[in-house]
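Asker: upload-v1.csv is the file, holding CSV, C-alpha atoms and all ligand atoms:
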chain,number,residue,atom,x,y,z
A,1,MET,CA,-13.4,4.8,21.3
A,2,ALA,CA,-14.1,7.4,18.5
A,3,ARG,CA,-11.1,7.8,16.3
A,4,LYS,CA,-9.9,11.3,15.9
A,5,LYS,CA,-10.2,12.7,12.4
A,6,LEU,CA,-7.0,13.9,10.8
A,7,GLY,CA,-6.7,16.5,8.1
A,8,VAL,CA,-3.4,15.9,6.4
A,9,LEU,CA,-1.8,18.8,4.5
A,10,ILE,CA,0.8,17.9,1.8
A,11,SER,CA,2.8,19.6,-1.0
A,12,GLY,CA,4.6,16.7,-2.5
A,13,ARG,CA,5.2,13.0,-2.6
A,14,GLY,CA,3.3,12.3,0.6
A,15,SER,CA,5.3,9.4,2.1
A,16,ASN,CA,4.6,10.7,5.7
A,17,MET,CA,1.0,10.9,4.8
A,18,GLN,CA,1.2,7.3,3.6
A,19,ALA,CA,2.7,6.3,6.9
A,20,LEU,CA,-0.3,7.8,8.7
A,21,ILE,CA,-2.7,6.1,6.3
A,22,ASP,CA,-1.0,2.8,6.9
A,23,ALA,CA,-0.9,3.2,10.7
A,24,ALA,CA,-4.7,4.0,10.7
A,25,ARG,CA,-5.4,0.6,9.0
A,26,ALA,CA,-4.8,-0.9,12.5
A,27,PRO,CA,-8.2,-1.1,14.2
A,28,ASP,CA,-6.8,0.1,17.5
A,29,TYR,CA,-5.1,3.2,16.0
A,30,PRO,CA,-6.8,6.1,17.6
A,31,ALA,CA,-7.0,8.3,14.5
A,32,GLU,CA,-8.0,8.1,10.8
A,33,VAL,CA,-7.3,10.3,7.8
A,34,ALA,CA,-10.5,12.3,7.0
A,35,ILE,CA,-9.1,14.5,4.3
A,36,VAL,CA,-5.9,15.1,2.4
A,37,ILE,CA,-5.3,18.6,1.1
A,38,SER,CA,-2.5,19.7,-1.2
A,39,ASN,CA,-1.6,23.2,-2.1
A,40,VAL,CA,0.2,21.9,-5.2
A,41,PRO,CA,-1.9,20.6,-8.1
A,42,GLY,CA,-0.9,17.2,-9.2
A,43,ALA,CA,1.3,16.5,-6.1
A,44,ALA,CA,2.2,12.8,-6.1
A,45,GLY,CA,0.7,12.3,-2.6
A,46,LEU,CA,-2.8,13.2,-4.0
A,47,ALA,CA,-2.8,10.1,-6.2
A,48,ARG,CA,-1.6,7.9,-3.3
A,49,ALA,CA,-4.4,9.2,-1.0
A,50,ALA,CA,-7.0,8.7,-3.7
A,51,GLU,CA,-5.7,5.2,-4.2
A,52,ALA,CA,-6.3,4.6,-0.5
A,53,GLY,CA,-9.9,5.7,-1.1
A,54,LEU,CA,-9.5,9.0,0.8
A,55,PRO,CA,-11.1,12.3,0.0
A,56,VAL,CA,-8.6,14.7,-1.6
A,57,ILE,CA,-8.7,18.4,-2.3
A,58,THR,CA,-6.3,20.7,-4.0
A,59,ILE,CA,-6.2,24.3,-2.8
A,60,ASP,CA,-3.7,26.0,-5.0
A,61,HIS,CA,-2.2,29.0,-3.0
A,62,ARG,CA,-1.2,30.6,-6.3
A,63,LYS,CA,-4.9,31.1,-7.3
A,64,PHE,CA,-5.3,33.6,-4.5
A,65,GLY,CA,-2.7,36.0,-5.8
A,66,LYS,CA,0.1,37.5,-3.8
A,67,GLY,CA,0.5,39.4,-0.5
A,68,ALA,CA,-1.1,39.3,2.9
A,69,ASP,CA,-4.7,39.2,1.6
A,70,ALA,CA,-3.9,36.2,-0.6
A,71,LYS,CA,-2.4,34.3,2.3
A,72,HIS,CA,-5.5,35.2,4.4
A,73,LEU,CA,-7.8,33.9,1.7
A,74,PHE,CA,-5.8,30.8,1.1
A,75,GLU,CA,-5.8,30.0,4.8
A,76,ALA,CA,-9.6,30.7,5.0
A,77,ALA,CA,-10.1,28.1,2.3
A,78,LEU,CA,-7.9,25.6,4.0
A,79,HIS,CA,-9.7,26.2,7.3
A,80,GLN,CA,-13.1,25.8,5.7
A,81,ALA,CA,-12.1,22.5,4.0
A,82,LEU,CA,-10.7,21.1,7.2
A,83,GLU,CA,-13.8,22.1,9.2
A,84,GLU,CA,-16.1,20.6,6.5
A,85,ALA,CA,-14.2,17.4,6.7
A,86,GLY,CA,-14.6,17.4,10.5
A,87,ALA,CA,-10.8,17.4,11.0
A,88,GLU,CA,-9.8,17.4,14.7
A,89,ILE,CA,-6.1,17.3,14.3
A,90,VAL,CA,-4.1,18.8,11.4
A,91,CYS,CA,-1.0,17.0,10.3
A,92,LEU,CA,1.5,18.8,8.1
A,93,ALA,CA,3.3,16.2,6.1
A,94,GLY,CA,5.8,17.8,3.8
A,95,PHE,CA,3.5,20.9,3.6
A,96,MET,CA,5.8,23.6,2.3
A,97,ARG,CA,3.8,26.8,2.9
A,98,LEU,CA,4.5,28.9,5.9
A,99,LEU,CA,1.2,29.3,7.8
A,100,SER,CA,0.4,32.6,9.5
A,101,GLY,CA,0.3,33.2,13.2
A,102,SER,CA,-3.4,33.5,13.1
A,103,PHE,CA,-3.9,30.2,11.4
A,104,ALA,CA,-1.4,28.6,13.8
A,105,GLY,CA,-3.4,30.2,16.7
A,106,ARG,CA,-6.7,28.8,15.5
A,107,TRP,CA,-5.3,25.3,15.5
A,108,TYR,CA,-2.9,25.6,18.3
A,109,GLY,CA,-2.5,22.3,20.2
A,110,ARG,CA,-4.3,20.5,17.4
A,111,MET,CA,-1.8,21.0,14.5
A,112,VAL,CA,1.5,19.1,14.2
A,113,ASN,CA,4.4,19.0,11.8
A,114,ILE,CA,7.2,16.7,11.0
A,115,HIS,CA,10.6,18.2,10.3
A,116,PRO,CA,13.8,16.3,9.2
A,117,SER,CA,16.2,17.5,11.9
A,118,LEU,CA,16.6,17.4,15.6
A,119,LEU,CA,15.0,20.7,16.4
A,120,PRO,CA,15.8,23.3,17.5
A,121,ALA,CA,18.9,22.7,15.3
A,122,PHE,CA,18.5,23.1,11.6
A,123,LYS,CA,15.2,24.8,11.1
A,124,GLY,CA,14.0,25.7,7.6
A,125,LEU,CA,14.9,24.2,4.2
A,126,ASP,CA,17.8,22.2,2.8
A,127,VAL,CA,18.6,20.8,6.2
A,128,HIS,CA,20.3,17.7,5.1
A,129,ALA,CA,23.0,19.6,3.2
A,130,ALA,CA,23.3,22.0,6.1
A,131,MET,CA,23.8,19.1,8.6
A,132,LEU,CA,26.5,17.6,6.4
A,133,ALA,CA,28.2,21.0,6.0
A,134,ALA,CA,28.1,21.4,9.8
A,135,GLY,CA,29.7,18.0,10.3
A,136,VAL,CA,27.1,16.7,12.8
A,137,LYS,CA,27.4,13.0,13.6
A,138,ILE,CA,23.8,12.5,14.8
A,139,ALA,CA,20.8,13.6,12.7
A,140,GLY,CA,17.2,12.8,13.0
A,141,CYS,CA,13.6,14.1,12.9
A,142,THR,CA,11.2,15.9,15.1
A,143,VAL,CA,7.4,16.0,15.4
A,144,HIS,CA,6.2,19.2,17.1
A,145,TYR,CA,3.1,21.3,17.6
A,146,VAL,CA,2.9,24.1,15.1
A,147,SER,CA,3.2,27.6,16.6
A,148,ALA,CA,3.4,31.1,15.0
A,149,GLU,CA,7.2,30.7,14.7
A,150,MET,CA,8.5,28.3,12.0
A,151,ASP,CA,9.8,24.9,13.3
A,152,ALA,CA,9.6,26.2,16.9
A,153,GLY,CA,6.5,24.8,18.6
A,154,PRO,CA,6.6,22.4,21.6
A,155,ILE,CA,8.4,19.1,20.7
A,156,ILE,CA,6.2,15.9,20.9
A,157,GLY,CA,8.8,13.4,19.8
A,158,GLN,CA,12.2,12.9,18.2
A,159,ALA,CA,14.2,10.1,16.6
A,160,ALA,CA,17.9,10.1,16.0
A,161,VAL,CA,19.8,8.5,13.2
A,162,PRO,CA,23.6,8.4,12.6
A,163,VAL,CA,25.4,10.4,9.9
A,164,LEU,CA,27.7,8.0,8.2
A,165,ALA,CA,31.0,8.5,6.4
A,166,GLY,CA,30.3,9.2,2.7
A,167,ASP,CA,26.8,10.3,3.3
A,168,THR,CA,25.3,12.6,0.7
A,169,ALA,CA,22.3,14.8,1.3
A,170,GLU,CA,20.2,12.2,-0.5
A,171,SER,CA,21.5,9.2,1.5
A,172,LEU,CA,21.1,11.1,4.8
A,173,ALA,CA,17.6,12.2,3.8
A,174,ALA,CA,16.6,8.6,3.0
A,175,ARG,CA,17.8,7.4,6.4
A,176,ILE,CA,16.0,10.2,8.2
A,177,LEU,CA,12.8,9.6,6.2
A,178,ALA,CA,12.7,6.0,7.3
A,179,ALA,CA,12.8,7.3,10.9
A,180,GLU,CA,10.1,9.9,10.1
A,181,HIS,CA,7.7,7.1,8.9
A,182,GLN,CA,8.0,5.4,12.3
A,183,LEU,CA,8.0,8.6,14.4
A,184,TYR,CA,5.0,10.5,12.9
A,185,PRO,CA,2.3,7.8,13.4
A,186,GLU,CA,3.6,7.2,16.9
A,187,CYS,CA,3.5,10.9,17.8
A,188,VAL,CA,0.0,11.4,16.2
A,189,ARG,CA,-1.2,8.4,18.2
A,190,ARG,CA,-0.1,10.2,21.4
A,191,VAL,CA,-1.7,13.5,20.3
A,192,ALA,CA,-5.0,11.7,19.4
A,193,LEU,CA,-5.0,10.0,22.9
A,194,GLY,CA,-4.3,13.3,24.6
A,195,GLN,CA,-0.9,11.9,25.8
A,196,ALA,CA,1.4,14.3,23.9
A,197,HIS,CA,2.8,17.0,26.1
A,201,LIG,C1,9.9,15.1,4.9
A,201,LIG,O1,11.2,14.8,5.0
A,201,LIG,C2,9.5,16.1,5.9
A,201,LIG,O2,10.1,16.0,7.1
A,201,LIG,C3,9.9,17.4,5.2
A,201,LIG,O3,9.6,17.2,3.9
A,201,LIG,C4,9.6,15.8,3.5
A,201,LIG,C5,8.3,15.5,2.9
A,201,LIG,O4,8.3,14.2,2.4
A,201,LIG,N1,9.3,18.5,5.8
A,201,LIG,C6,9.8,19.7,5.9
A,201,LIG,O5,11.0,19.9,5.5
A,201,LIG,C7,9.0,20.7,6.6
A,201,LIG,N2,9.8,21.9,6.9
A,201,LIG,P1,7.0,13.4,2.1
A,201,LIG,O6,6.1,14.3,1.2
A,201,LIG,O7,7.4,12.2,1.4
A,201,LIG,O8,6.3,13.1,3.5
Transcribe the structure of this file into structure tokens.

Answerer:
Amino acid sequence: MARKKLGVLISGRGSNMQALIDAARAPDYPAEVAIVISNVPGAAGLARAAEAGLPVITIDHRKFGKGADAKHLFEAALHQALEEAGAEIVCLAGFMRLLSGSFAGRWYGRMVNIHPSLLPAFKGLDVHAAMLAAGVKIAGCTVHYVSAEMDAGPIIGQAAVPVLAGDTAESLAARILAAEHQLYPECVRRVALGQAH
């Protein structure tokens, strides 16, 4: 069976990208990382991907200026790089740029994201502090298809973790991140096999 080619988009440390790279080392994993693209020059994840022998590209969104045109040009460059790499599934892995509805539409059903909360609760940024402030006792992470609306596309999978007494945003984030590293490869496996609905 041909392995599906993944285009992984990152902005930072790339630990979820690493989880996908590690999963794809198994010969029966139905996908492989074809390209890693960062919008942040020098993102730590780029070095990790290069160390794994993978092609990496930086497409710095700031080089395109500001405003709607800039976003359009940035996304056109992203799209071209993904196409050139033969990407069939796009995995957002700590990619911190909001993508336009038109980009989301182009990749709809073929682009997934991981988010560190049990969606639809706690969309957006700084979710760990928000969960502690809200006093929730169960936290977790979600893998979902990317739609035009932020953190709102159809859910593919979720994992729950407890919030413990004395948790800080950092300790909670670390517990959720460990769950993310299990959940993301498992969900991408189902997407690659056409079993994620
Ligand atoms: C992860 O916790 C991921 O869920 C989150 O950023 C972190 C990236 O870590 N993503 C979002 O908040 C997206 N809205 P990583 O670079 O080590 O994978």

Asker: Taking all atoms listed in the file into account, report as an MDAnalysis selection string which residues have an atom no farther than 6 Å from an atom of ligand LIG 201 (chain A).

Answerer: chainID A and resid 12:17 93:94 114:116 124:125 177

Asker: Taking all atoms listed in the file into account, name the residue in A:Ala77, A:Leu20, A:Leu193, A:Leu183 that is nearest to A:Met1.

Answerer: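 Counting all atoms listed in the file, the residue closest to A:Met1 is A:Leu193.
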
Asker: Name the residues within 7 Å of (-5.6, 20.4, 16.3), counting only C-alpha atoms in the file's coordinates, and put them as a list in words.

Answerer: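 The residues near that point, listed by chain and number, are Glu88, Ile89, Val90, Trp107, Tyr108, Gly109, Arg110 and Met111 of chain A.
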
Asker: Residues within 12 Å of A:Ala130, please, as a list in words. Count all atoms listed in the file; anything in the same chain fewer than 2 positions from it doesn't count.

Answerer: Pro116, Ser117, Ala121, Phe122, Lys123, Gly124, Leu125, Asp126, Val127, His128, Leu132, Ala133, Ala134, Gly135, Val136, Ala139, Thr168, Ala169, Leu172 and Ala173 of chain A

Asker: Give me, as a Markdown table, the closest atom pair and its distance (Å, one decimal) for every residue of stretch 81-126 of chain A within a cut-off of 12 Å of stretch 46-68 of chain A, counting only C-alpha atoms, rows sorted by chain and rising number.

Answerer:
| residue | atom | partner | partner_atom | distance |
| --- | --- | --- | --- | --- |
| A:Ala81 | CA | A:Ile57 | CA | 8.2 |
| A:Leu82 | CA | A:Ile57 | CA | 10.1 |
| A:Glu84 | CA | A:Pro55 | CA | 11.7 |
| A:Ala85 | CA | A:Pro55 | CA | 9.0 |
| A:Phe95 | CA | A:His61 | CA | 11.9 |
| A:Met96 | CA | A:His61 | CA | 11.0 |
| A:Arg97 | CA | A:His61 | CA | 8.7 |
| A:Leu98 | CA | A:His61 | CA | 11.1 |
| A:Leu99 | CA | A:His61 | CA | 11.3 |
| A:Ser100 | CA | A:Ala68 | CA | 9.5 |
| A:Ser102 | CA | A:Ala68 | CA | 12.0 |

Asker: Using all atoms listed in the file, which residue out of A:Ala192, A:Leu164, A:Gly153, A:Leu73 lies closest to A:Leu6?

Answerer: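 Between A:Ala192, A:Leu164, A:Gly153, A:Leu73, the residue approaching A:Leu6 most closely is A:Ala192.
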
Asker: Choose the residue, out of A:Ile138, A:Val146, A:Gln80, A:His72, that has the smallest atom-to-atom separation from A:Ala104; count only C-alpha atoms.

Answerer: A:Val146

Asker: Have a look at atom CA of A:Leu118 and atom CA of A:Val163 and let me know their distance in Å, one decimal.

Answerer: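 According to the coordinates, atom CA of A:Leu118 and atom CA of A:Val163 are separated by 12.6 Å.
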
Asker: Have a look at atom CA of A:Gly105 and atom CA of A:Pro154 and let me know their distance in Å, one decimal.

Answerer: 13.6 Å

Asker: Using only C-alpha atoms, pick whichever of A:Ala160, A:Ala148, A:Met131, A:Ala31 has the shortest atom-to-atom distance to A:Gly194.

Answerer: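 Counting only C-alpha atoms, the residue closest to A:Gly194 is A:Ala31.
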